[in-house]
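Participant: Got a structure for you, structure.cif, holding mmCIF, C-alpha atoms and all ligand atoms.
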```cif
data_target
loop_
_atom_site.label_atom_id
_atom_site.label_comp_id
_atom_site.auth_asym_id
_atom_site.auth_seq_id
_atom_site.Cartn_x
_atom_site.Cartn_y
_atom_site.Cartn_z
CA MET A 4 96.83 83.44 81.96
CA ALA A 5 100.49 83.63 82.81
CA THR A 6 103.03 83.91 80.05
CA GLY A 7 105.97 83.79 82.42
CA ASN A 8 108.67 84.44 79.84
CA GLU A 9 110.08 87.41 81.68
CA PRO A 10 110.46 87.92 85.41
CA THR A 11 108.24 90.45 87.14
CA THR A 12 110.00 92.59 89.72
CA VAL A 13 108.34 94.58 92.48
CA LEU A 14 109.77 96.86 95.13
CA ALA A 15 107.92 97.22 98.45
CA THR A 16 108.74 98.88 101.74
CA PRO A 17 108.12 98.01 105.38
CA ASN A 18 105.47 99.65 107.48
CA ILE A 19 105.56 100.72 111.08
CA ALA A 20 102.43 100.07 113.11
CA LEU A 21 101.18 102.88 115.34
CA VAL A 22 98.52 100.58 116.75
CA LYS A 23 99.97 97.12 116.63
CA TYR A 24 98.95 93.64 115.70
CA TRP A 25 99.98 91.35 118.54
CA GLY A 26 98.35 88.01 119.24
CA ARG A 27 96.11 86.07 116.88
CA ARG A 28 92.64 84.64 117.09
CA ASP A 29 93.61 82.19 114.34
CA SER A 30 97.28 81.44 113.80
CA ARG A 31 96.85 79.45 110.59
CA LEU A 32 95.01 82.28 108.85
CA ASN A 33 96.88 85.09 110.65
CA LEU A 34 93.71 86.65 112.03
CA PRO A 35 94.30 89.34 114.64
CA THR A 36 92.40 90.25 117.79
CA ASN A 37 92.38 93.97 116.97
CA SER A 38 92.60 96.21 113.94
CA SER A 39 95.98 97.86 113.40
CA ILE A 40 97.13 101.05 111.70
CA SER A 41 100.50 101.76 110.15
CA ILE A 42 102.61 104.12 108.11
CA THR A 43 104.21 102.65 105.02
CA LEU A 44 107.80 103.82 104.98
CA GLY A 45 109.78 105.48 102.23
CA GLU A 46 112.31 103.60 100.13
CA GLY A 47 115.36 103.89 102.42
CA LEU A 48 114.46 100.39 103.63
CA SER A 49 113.12 98.24 100.85
CA THR A 50 112.62 94.72 99.55
CA ARG A 51 112.91 93.83 95.90
CA THR A 52 111.34 90.63 94.62
CA SER A 53 111.47 89.03 91.17
CA VAL A 54 109.10 86.24 90.20
CA LEU A 55 109.51 83.99 87.17
CA LEU A 56 107.16 81.26 85.98
CA THR A 57 109.14 78.52 84.32
CA ASN A 58 109.24 74.86 83.35
CA ARG A 59 113.02 74.85 83.70
CA ILE A 60 113.07 74.11 87.47
CA ARG A 61 111.65 71.12 89.31
CA ASN A 62 110.20 72.78 92.42
CA ASP A 63 109.00 76.20 93.44
CA THR A 64 112.11 77.88 94.78
CA LEU A 65 112.72 80.98 96.82
CA TYR A 66 116.02 82.76 97.38
CA ILE A 67 116.13 85.29 100.21
CA ASN A 68 119.29 87.40 100.20
CA GLY A 69 121.05 84.69 98.19
CA GLU A 70 119.99 81.79 100.43
CA ARG A 71 117.97 79.06 98.74
CA HIS A 72 114.76 77.68 100.25
CA ARG A 73 112.59 74.97 98.78
CA LEU A 74 108.90 75.66 99.06
CA GLY A 75 105.97 73.28 99.42
CA THR A 76 107.81 70.51 101.23
CA ALA A 77 109.71 73.00 103.39
CA LYS A 78 110.07 72.04 107.07
CA ASP A 79 110.20 75.66 108.22
CA GLU A 80 106.64 76.76 108.96
CA LYS A 81 107.03 80.13 107.25
CA PHE A 82 108.27 78.65 103.97
CA PHE A 83 105.63 75.96 104.09
CA TYR A 84 102.96 78.68 104.25
CA ILE A 85 104.56 80.71 101.47
CA GLY A 86 104.54 77.57 99.32
CA ARG A 87 100.87 77.01 100.03
CA VAL A 88 99.92 80.59 99.24
CA LEU A 89 101.83 80.52 95.94
CA ASP A 90 100.18 77.19 95.07
CA GLU A 91 96.81 78.79 95.68
CA LEU A 92 97.67 81.71 93.38
CA LYS A 93 98.87 79.31 90.70
CA ARG A 94 95.66 77.32 91.00
CA MET A 95 93.69 80.52 90.40
CA ASP A 96 95.62 80.97 87.19
CA GLY A 97 95.63 77.31 86.20
CA THR A 98 99.35 77.24 85.37
CA LYS A 99 101.45 74.12 85.89
CA LYS A 100 104.70 76.06 85.75
CA ARG A 101 107.01 76.37 88.74
CA MET A 102 107.77 79.65 90.40
CA LEU A 103 111.24 81.01 90.93
CA VAL A 104 111.30 83.82 93.45
CA VAL A 105 114.36 85.91 94.25
CA THR A 106 114.06 88.48 96.98
CA GLU A 107 116.50 90.87 98.58
CA ASN A 108 116.30 93.29 101.47
CA ASN A 109 118.57 96.28 101.64
CA TYR A 110 118.52 96.05 105.46
CA PRO A 111 118.90 93.38 108.17
CA THR A 112 116.37 90.55 108.15
CA GLY A 113 114.71 89.41 111.38
CA ALA A 114 115.85 92.42 113.42
CA GLY A 115 112.38 93.80 114.02
CA LEU A 116 112.55 96.08 110.98
CA ALA A 117 109.55 94.43 109.37
CA SER A 118 111.50 92.70 106.62
CA SER A 119 108.86 90.03 106.18
CA ALA A 120 106.09 92.61 105.85
CA ALA A 121 107.80 94.25 102.88
CA GLY A 122 108.74 90.79 101.59
CA ALA A 123 105.16 89.53 101.70
CA ALA A 124 103.81 92.63 99.95
CA ALA A 125 106.46 92.47 97.21
CA LEU A 126 105.99 88.72 96.74
CA ILE A 127 102.22 88.75 96.42
CA HIS A 128 102.24 91.80 94.18
CA ALA A 129 104.90 90.31 91.91
CA ALA A 130 103.33 86.83 91.85
CA SER A 131 99.87 88.17 91.07
CA GLU A 132 101.33 90.33 88.31
CA ALA A 133 103.45 87.50 86.87
CA LEU A 134 100.39 85.26 86.81
CA GLY A 135 98.28 88.00 85.26
CA LEU A 136 95.66 87.58 88.00
CA ASN A 137 94.68 91.24 88.16
CA LEU A 138 93.92 91.11 91.86
CA ASP A 139 93.06 94.46 93.36
CA ALA A 140 95.09 95.77 96.30
CA LYS A 141 92.48 94.71 98.85
CA GLU A 142 92.48 91.16 97.49
CA MET A 143 96.29 91.11 97.42
CA SER A 144 96.34 92.28 101.04
CA ARG A 145 94.17 89.35 102.07
CA VAL A 146 96.60 86.95 100.40
CA ALA A 147 99.69 88.76 101.77
CA ARG A 148 98.19 88.47 105.26
CA LEU A 149 98.60 84.70 105.04
CA VAL A 150 102.35 85.11 104.52
CA SER A 151 102.96 87.89 107.05
CA GLY A 152 100.09 89.45 108.99
CA SER A 153 101.58 92.92 109.08
CA GLY A 154 102.56 92.54 105.42
CA CYS A 155 98.97 93.12 104.34
CA ARG A 156 99.38 96.80 105.28
CA SER A 157 102.49 97.26 103.08
CA LEU A 158 100.37 96.97 99.94
CA PHE A 159 99.28 100.57 100.45
CA GLY A 160 101.17 103.82 100.62
CA GLY A 161 100.76 106.43 103.35
CA PHE A 162 98.55 105.38 106.26
CA ALA A 163 96.86 101.96 106.14
CA ILE A 164 94.45 100.08 108.35
CA TRP A 165 94.17 96.33 108.67
CA HIS A 166 90.60 95.55 109.66
CA MET A 167 90.57 92.70 112.16
CA GLY A 168 87.38 91.24 110.68
CA LYS A 169 85.01 88.90 112.44
CA GLU A 170 84.57 85.98 110.04
CA ALA A 171 86.23 82.67 110.85
CA ASP A 172 87.53 82.24 107.29
CA GLY A 173 89.23 85.69 107.30
CA ARG A 174 87.40 87.07 104.28
CA ASP A 175 86.78 90.38 106.07
CA SER A 176 90.31 90.66 107.47
CA TYR A 177 92.16 92.80 104.94
CA ALA A 178 93.96 96.12 104.71
CA GLU A 179 93.12 99.32 102.91
CA GLN A 180 94.57 102.77 102.57
CA LEU A 181 93.35 105.37 105.02
CA TYR A 182 95.29 108.28 103.58
CA ALA A 183 97.86 108.73 100.82
CA PRO A 184 101.16 110.37 101.89
CA GLU A 185 99.89 113.71 100.54
CA HIS A 186 97.30 113.87 103.32
CA TRP A 187 99.93 114.56 105.97
CA PRO A 188 103.29 114.80 104.19
CA ASP A 189 104.92 116.43 107.19
CA ILE A 190 105.01 113.09 109.05
CA VAL A 191 108.36 111.29 109.01
CA ASP A 192 109.94 108.35 110.79
CA ILE A 193 113.42 108.33 112.29
CA VAL A 194 114.59 104.74 112.48
CA ALA A 195 117.16 104.27 115.23
CA ILE A 196 119.04 101.03 114.66
CA VAL A 197 120.62 99.95 117.93
CA ASP A 198 121.01 96.24 117.19
CA ARG A 199 121.35 94.47 113.84
CA GLY A 200 121.01 90.96 115.28
CA ARG A 201 118.07 88.61 114.89
CA LYS A 202 115.27 88.81 117.42
CA PRO A 203 115.49 86.20 120.20
CA VAL A 204 111.84 85.14 119.88
CA SER A 205 110.20 85.01 116.45
CA THR A 206 107.02 87.06 115.98
CA SER A 207 105.15 83.85 115.32
CA GLU A 208 106.20 82.40 118.66
CA GLY A 209 105.62 85.79 120.35
CA HIS A 210 102.03 86.13 119.06
CA GLU A 211 101.23 82.66 120.32
CA ARG A 212 103.01 82.84 123.68
CA THR A 213 101.36 86.14 124.55
CA ARG A 214 97.90 84.96 123.58
CA ALA A 215 98.29 81.73 125.50
CA SER A 216 99.83 83.06 128.71
CA SER A 217 99.46 86.82 129.27
CA ASN A 218 96.63 88.06 131.46
CA LEU A 219 97.32 91.65 130.43
CA TYR A 220 96.72 90.67 126.83
CA LYS A 221 93.05 90.04 127.56
CA TYR A 222 92.69 93.75 128.27
CA ARG A 223 94.87 94.78 125.37
CA ALA A 224 92.58 93.48 122.63
CA ASP A 225 89.68 95.77 123.59
CA HIS A 226 91.87 98.78 124.30
CA ALA A 227 93.81 98.36 121.09
CA GLU A 228 90.63 98.22 119.01
CA GLU A 229 89.46 101.43 120.64
CA ARG A 230 92.89 103.01 120.10
CA SER A 231 92.62 102.20 116.39
CA MET A 232 89.34 104.08 116.22
CA ARG A 233 90.79 107.09 118.07
CA LEU A 234 93.88 107.05 115.89
CA MET A 235 91.75 107.20 112.75
CA ASP A 236 90.25 110.36 114.11
CA ALA A 237 93.66 111.85 114.98
CA LEU A 238 94.93 111.10 111.46
CA LYS A 239 91.87 112.63 109.89
CA HIS A 240 92.46 115.89 111.76
CA ARG A 241 96.25 115.75 111.50
CA ASP A 242 96.34 115.89 115.27
CA PHE A 243 99.98 115.12 116.16
CA GLU A 244 99.41 115.35 119.90
CA SER A 245 96.80 112.56 119.94
CA MET A 246 98.63 110.49 117.37
CA ALA A 247 101.82 110.61 119.45
CA HIS A 248 99.99 109.69 122.61
CA ILE A 249 98.18 106.73 121.10
CA THR A 250 101.33 105.49 119.36
CA MET A 251 103.52 105.43 122.47
CA ARG A 252 100.80 103.95 124.68
CA ASP A 253 100.13 101.19 122.18
CA SER A 254 103.80 100.27 121.82
CA ASN A 255 104.18 100.19 125.60
CA SER A 256 101.07 98.04 125.88
CA MET A 257 102.38 95.50 123.38
CA HIS A 258 105.75 95.24 125.12
CA ALA A 259 104.10 95.01 128.55
CA CYS A 260 102.10 92.04 127.24
CA CYS A 261 105.34 90.51 125.97
CA LEU A 262 106.90 90.80 129.42
CA ASP A 263 103.72 89.43 130.96
CA SER A 264 103.95 86.35 128.74
CA TYR A 265 105.44 83.22 130.22
CA PRO A 266 108.31 82.65 129.79
CA PRO A 267 108.63 86.43 129.39
CA ILE A 268 109.62 88.00 126.10
CA ASN A 269 111.73 91.14 126.09
CA TYR A 270 112.37 92.65 122.67
CA LEU A 271 113.76 95.91 124.04
CA ASN A 272 117.27 96.67 125.31
CA ASP A 273 118.93 99.47 127.30
CA ASP A 274 119.20 101.66 124.21
CA SER A 275 115.49 101.26 123.55
CA VAL A 276 114.81 102.51 127.08
CA ARG A 277 117.24 105.41 126.55
CA ILE A 278 115.31 106.38 123.43
CA MET A 279 111.99 106.26 125.26
CA ARG A 280 113.40 108.49 127.99
CA ALA A 281 114.89 110.92 125.47
CA VAL A 282 111.56 111.28 123.65
CA HIS A 283 109.65 111.95 126.86
CA MET A 284 112.25 114.52 127.97
CA LEU A 285 112.07 116.25 124.60
CA ASN A 286 108.28 116.39 124.66
CA ASP A 287 108.35 117.72 128.24
CA ALA A 288 110.92 120.36 127.34
CA HIS A 289 108.73 121.58 124.46
CA GLY A 290 105.54 121.53 126.47
CA GLU A 291 103.92 119.63 123.61
CA MET A 292 104.41 116.44 121.66
CA VAL A 293 107.14 116.70 119.05
CA ALA A 294 107.98 113.00 118.78
CA ALA A 295 106.60 109.53 119.52
CA TYR A 296 108.52 106.26 119.77
CA THR A 297 107.26 102.87 118.78
CA PHE A 298 108.96 99.46 118.77
CA ASP A 299 108.03 96.34 116.84
CA ALA A 300 109.43 92.95 117.78
CA GLY A 301 112.96 94.22 118.34
CA PRO A 302 114.99 96.90 120.13
CA ASN A 303 115.25 99.23 117.13
CA ALA A 304 113.12 102.33 117.52
CA HIS A 305 110.89 104.16 115.12
CA VAL A 306 110.50 107.75 116.24
CA ILE A 307 107.63 109.48 114.51
CA THR A 308 107.94 113.23 114.16
CA THR A 309 107.39 116.05 111.68
CA ARG A 310 109.82 117.32 109.06
CA ARG A 311 109.92 120.59 110.97
CA ASN A 312 111.13 118.91 114.18
CA ALA A 313 113.18 116.07 112.66
CA GLU A 314 116.55 117.70 113.18
CA ARG A 315 116.08 118.44 116.84
CA VAL A 316 114.69 114.94 117.45
CA MET A 317 117.74 113.42 115.73
CA ALA A 318 120.01 115.59 117.88
CA ALA A 319 118.25 114.40 121.06
CA LEU A 320 118.57 110.76 119.98
CA LYS A 321 122.27 111.23 119.20
CA ASP A 322 122.76 112.79 122.61
CA SER A 323 121.20 109.87 124.37
CA LEU A 324 122.80 107.10 122.30
CA GLY A 325 126.22 108.60 121.69
CA LYS A 326 128.35 106.80 119.11
CA ARG A 327 125.94 103.87 118.91
CA ALA A 328 123.35 106.01 117.16
CA GLU A 329 122.61 104.82 113.64
CA LEU A 330 119.74 106.98 112.50
CA MET A 331 117.83 107.00 109.26
CA LEU A 332 115.21 109.55 108.30
CA LEU A 333 112.37 108.11 106.23
CA GLY A 334 109.35 109.78 104.69
CA GLN A 335 106.17 107.95 103.79
CA GLY A 336 106.18 105.44 100.98
CA SER A 337 103.65 105.18 98.18
CA GLY A 338 103.24 101.40 98.28
CA PRO A 339 104.69 98.68 96.02
CA ARG A 340 105.77 99.51 92.50
CA ILE A 341 106.70 97.40 89.50
CA LEU A 342 110.29 97.80 88.32
CA GLY A 343 111.69 97.49 84.84
CA ALA A 344 113.37 94.40 83.39
CA LYS A 345 116.83 95.85 84.06
CA GLU A 346 116.14 95.68 87.77
CA SER A 347 115.30 91.99 87.79
CA LEU A 348 117.14 89.86 90.36
CA ILE A 349 117.02 86.70 88.24
CA ASP A 350 119.89 85.50 86.12
CA MET A 351 117.84 84.06 83.24
CA GLU A 352 120.57 81.75 82.00
CA ARG A 353 121.38 80.06 85.27
CA LEU A 354 117.98 80.62 86.90
CA ARG A 355 119.64 81.89 90.04
CA PRO A 356 119.97 85.25 91.73
CA VAL A 357 122.03 87.69 89.69
CA ALA A 358 125.56 87.99 90.95
CA HIS A 359 126.43 91.13 92.86
CA GLU A 360 129.41 93.28 92.27
C1 LIG B 401 105.19 93.69 116.29
O1 LIG B 401 103.36 88.27 112.30
O2 LIG B 401 103.29 90.37 110.92
O3 LIG B 401 105.42 94.14 113.98
O4 LIG B 401 105.38 88.26 109.67
O5 LIG B 401 107.34 88.27 111.20
O6 LIG B 401 106.68 90.36 110.00
P1 LIG B 401 106.25 89.06 110.59
O7 LIG B 401 105.40 89.50 111.82
P2 LIG B 401 103.90 89.62 112.00
O8 LIG B 401 103.83 90.46 113.36
C2 LIG B 401 104.32 91.75 113.42
C3 LIG B 401 103.92 92.37 114.68
C4 LIG B 401 104.50 93.75 114.96
C5 LIG B 401 103.36 94.76 115.04
C6 LIG B 401 102.72 95.15 113.74
O9 LIG B 401 103.42 95.32 112.74
O10 LIG B 401 101.51 95.37 113.74
#
```
Give the structure from the file, written as structure tokens.
Facilitator:
Amino acid sequence: MATGNEPTTVLATPNIALVKYWGRRDSRLNLPTNSSISITLGEGLSTRTSVLLTNRIRNDTLYINGERHRLGTAKDEKFFYIGRVLDELKRMDGTKKRMLVVTENNYPTGAGLASSAAGAAALIHAASEALGLNLDAKEMSRVARLVSGSGCRSLFGGFAIWHMGKEADGRDSYAEQLYAPEHWPDIVDIVAIVDRGRKPVSTSEGHERTRASSNLYKYRADHAEERSMRLMDALKHRDFESMAHITMRDSNSMHACCLDSYPPINYLNDDSVRIMRAVHMLNDAHGEMVAAYTFDAGPNAHVITTRRNAERVMAALKDSLGKRAELMLLGQGSGPRILGAKESLIDMERLRPVAHE
């Protein structure tokens, strides 16, 4: 049973999918048409979320980066869903208290850097902890999936798989850890930020438009499921060559489906294409794979490489992007962690986000 006297604060990080979730068989329950596999990223990009249970506010309230959103009655689909999921968690606990949630990203929201994935993982972890529900990570991932599909993978460190599942109610569609970061610690991600703006088409709209209109997408579902299986094998054997191959082909497949949607969706820009070219040139020059690019729903690239090759990959990216290059080297993250009271984002007197210096 929740005590709710103190806020619970959790830090979570985004993940980058090597085999991607794109298109849903059920958009209300966020059920995918293929399993997906990701790397949870280190703490250079992170989301912090504080949850407080209290009688001192009238409605469940969520602040994202200082902006206030009312839940439950919210008109925005995303917030409506978040409200419903939190209601469900509160029902499990039996509390009548309201929930105050304050969340902050240390990086741009909505720019295809998976801010909502980290947000969903942090929120569900913190809410379940605040309510004293003792959900295990698999159970939390199933709940996080309802808030952000890809978010279910951010509940685990290292490499995670989200099983597509077959059941109509989604009970077998959850994530689990494939390998902790220690399995293959050499793997790193260079994030190349080429645009900090919001994506032109939301992922929600993208999933739906592609499913409804792309012919290519019909092929993708089967291929992507098979790619997930092959990627599991590559990860098991720490086979960079195969991993790189599968990763780039899967990203290209997702973006081809986007372009094949009608009206077409193009998340990439000229810099994204420059990065793709630079990675292929680098791999050709080495006569083996040293890097693999992958893009989520935005033009910013994730270039997967090894610690050993990271410097030369960064140099190649700088060469191709010139002054526009904003690169960040991230290792693998260990999954969400609970922070101490000092790191809470809630001003307990005013029941608002703490003021920033
Ligand atoms: C392209 O529906 O999970 O990142 O909830 O907005 O984060 P948000 O998006 P979501 O779709 C993400 C799709 C993707 C690929 C992936 O992460 O698998």
Participant: For ligand LIG 401 (chain B), list the contacting residues at 7 Å or closer, counting all atoms listed in the file, as a PyMOL selection string.
Facilitator: chain A and resi 19-20+22-25+39+115+117-120+150-154+205-207+299-300
Participant: I'd like the neighbourhood of A:Ala163 as a ChimeraX atom specification, where a residue qualifies if any of its atoms comes within 8 Å (using all atoms listed in the file), though same-chain residues fewer than 6 positions away should be ignored.
Facilitator: /A:40-43,156-157,178-182
Participant: Which one is closest to A:Met102: A:Lys345, A:Arg61, A:Arg233, A:Arg327? Count only C-alpha atoms.
Facilitator: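 Once distances to A:Met102 are computed over only C-alpha atoms, the minimum belongs to A:Arg61.
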Participant: Got a sec: who's within 10 Å of A:Asn303, counting only C-alpha atoms, leaving out chain neighbours fewer than 6 positions off, as an MDAnalysis selection string?
Facilitator: chainID A and resid 114:116 194:199 270:272 274:275 278 297 329
Participant: In Å, how far is it from atom CA of A:Ile341 to atom CA of A:Leu21?
Facilitator: 27.0 Å
Participant: With only C-alpha atoms as the basis for distance, which of A:Val191, A:Ile60, A:Ala125, A:Leu134 is at the shortest distance from A:Ala295?
Facilitator: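 Looking at the shortest contact to A:Ala295, the residue is A:Val191.
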Participant: Could you check the closest approach to A:Cys260 for each of A:Asn286, A:Ser53, A:Asn218, A:Thr64 and tell me which residue wins, using all atoms listed in the file?
Facilitator: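 Looking at the shortest contact to A:Cys260, the residue is A:Asn218.
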Participant: Out of A:Arg94, A:Arg59, A:Arg212, A:Arg51, which residue has the shortest atom-to-atom distance to A:Asn109 when counting all atoms listed in the file?
Facilitator: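 Going through A:Arg94, A:Arg59, A:Arg212, A:Arg51 one by one, the smallest distance to A:Asn109 is for A:Arg51.
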Participant: Identify, on the basis of all atoms listed in the file, every residue whose closest approach to A:Ser217 does not exceed 12 Å; exclude the query and any residue fewer than 3 positions from it along the same chain; express the result as a list in words.
Facilitator: Trp25, Gly26, Gly209, His210, Glu211, Arg212, Thr213, Arg214, Tyr220, Lys221, Tyr222, Arg223, Ala224, Ser256, Met257, His258, Ala259, Cys260, Cys261, Leu262, Asp263, Ser264, Tyr265, Pro266, Pro267 and Ile268 of chain A
Participant: Keeping only C-alpha atoms, write those residues as a PDB file, keeping the file's coordinate frame.
Facilitator:
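As written to disk, out.pdb reads:
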```pdb
ATOM      1  CA  TRP A  25      99.980  91.350 118.540  1.00  0.00           C
ATOM      2  CA  GLY A  26      98.350  88.010 119.240  1.00  0.00           C
ATOM      3  CA  GLY A 209     105.620  85.790 120.350  1.00  0.00           C
ATOM      4  CA  HIS A 210     102.030  86.130 119.060  1.00  0.00           C
ATOM      5  CA  GLU A 211     101.230  82.660 120.320  1.00  0.00           C
ATOM      6  CA  ARG A 212     103.010  82.840 123.680  1.00  0.00           C
ATOM      7  CA  THR A 213     101.360  86.140 124.550  1.00  0.00           C
ATOM      8  CA  ARG A 214      97.900  84.960 123.580  1.00  0.00           C
ATOM      9  CA  TYR A 220      96.720  90.670 126.830  1.00  0.00           C
ATOM     10  CA  LYS A 221      93.050  90.040 127.560  1.00  0.00           C
ATOM     11  CA  TYR A 222      92.690  93.750 128.270  1.00  0.00           C
ATOM     12  CA  ARG A 223      94.870  94.780 125.370  1.00  0.00           C
ATOM     13  CA  ALA A 224      92.580  93.480 122.630  1.00  0.00           C
ATOM     14  CA  SER A 256     101.070  98.040 125.880  1.00  0.00           C
ATOM     15  CA  MET A 257     102.380  95.500 123.380  1.00  0.00           C
ATOM     16  CA  HIS A 258     105.750  95.240 125.120  1.00  0.00           C
ATOM     17  CA  ALA A 259     104.100  95.010 128.550  1.00  0.00           C
ATOM     18  CA  CYS A 260     102.100  92.040 127.240  1.00  0.00           C
ATOM     19  CA  CYS A 261     105.340  90.510 125.970  1.00  0.00           C
ATOM     20  CA  LEU A 262     106.900  90.800 129.420  1.00  0.00           C
ATOM     21  CA  ASP A 263     103.720  89.430 130.960  1.00  0.00           C
ATOM     22  CA  SER A 264     103.950  86.350 128.740  1.00  0.00           C
ATOM     23  CA  TYR A 265     105.440  83.220 130.220  1.00  0.00           C
ATOM     24  CA  PRO A 266     108.310  82.650 129.790  1.00  0.00           C
ATOM     25  CA  PRO A 267     108.630  86.430 129.390  1.00  0.00           C
ATOM     26  CA  ILE A 268     109.620  88.000 126.100  1.00  0.00           C
TER      27      ILE A 268
END
```
Participant: What is the distance, in Å and to one decimal place, between atom CA of A:Lys169 and atom CA of A:Leu34?
Facilitator: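 Atom CA of A:Leu34 lies at a distance of 9.0 Å from atom CA of A:Lys169.
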Participant: With distances taken over only C-alpha atoms, which residue among A:Ala130, A:Ile307, A:Leu55, A:Met143 lies nearest A:Ala344?
Facilitator: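 Looking at the shortest contact to A:Ala344, the residue is A:Leu55.
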Participant: With distances taken over all atoms listed in the file, which residue among A:Ser176, A:Ser347, A:Thr16, A:Thr57 lies nearest A:Ser38?
Facilitator: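 Using all atoms listed in the file, the shortest distance to A:Ser38 belongs to A:Ser176.
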Participant: Let me have the centre and edge lengths of the axis-aligned box enclosing all listed atoms of stretch 288-299 of chain A with 8 Å padding on every side, in Å to one decimal, as lines of an AutoDock Vina configuration file.
Facilitator:
```
center_x = 107.4
center_y = 109.0
center_z = 122.1
size_x = 23.0
size_y = 41.2
size_z = 26.5
```
Participant: Mind pulling up the distance from atom CA of A:Thr250 to atom CA of A:Leu234?
Facilitator: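 Distance between the two atoms: 8.4 Å.
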Participant: Could you name the residues that touch A:Arg73 at 9 Å or less, counting all atoms listed in the file, but leaving out those on the same chain fewer than 5 positions away, as a PDB file with C-alpha atoms, in the coordinates of the input?
Facilitator:
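Done, and the output landed in part.pdb:
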```
ATOM      1  CA  ASN A  62     110.200  72.780  92.420  1.00  0.00           C
ATOM      2  CA  ASP A  63     109.000  76.200  93.440  1.00  0.00           C
ATOM      3  CA  THR A  64     112.110  77.880  94.780  1.00  0.00           C
ATOM      4  CA  LEU A  65     112.720  80.980  96.820  1.00  0.00           C
ATOM      5  CA  TYR A  66     116.020  82.760  97.380  1.00  0.00           C
ATOM      6  CA  PHE A  82     108.270  78.650 103.970  1.00  0.00           C
ATOM      7  CA  PHE A  83     105.630  75.960 104.090  1.00  0.00           C
ATOM      8  CA  GLY A  86     104.540  77.570  99.320  1.00  0.00           C
TER       9      GLY A  86
END
```
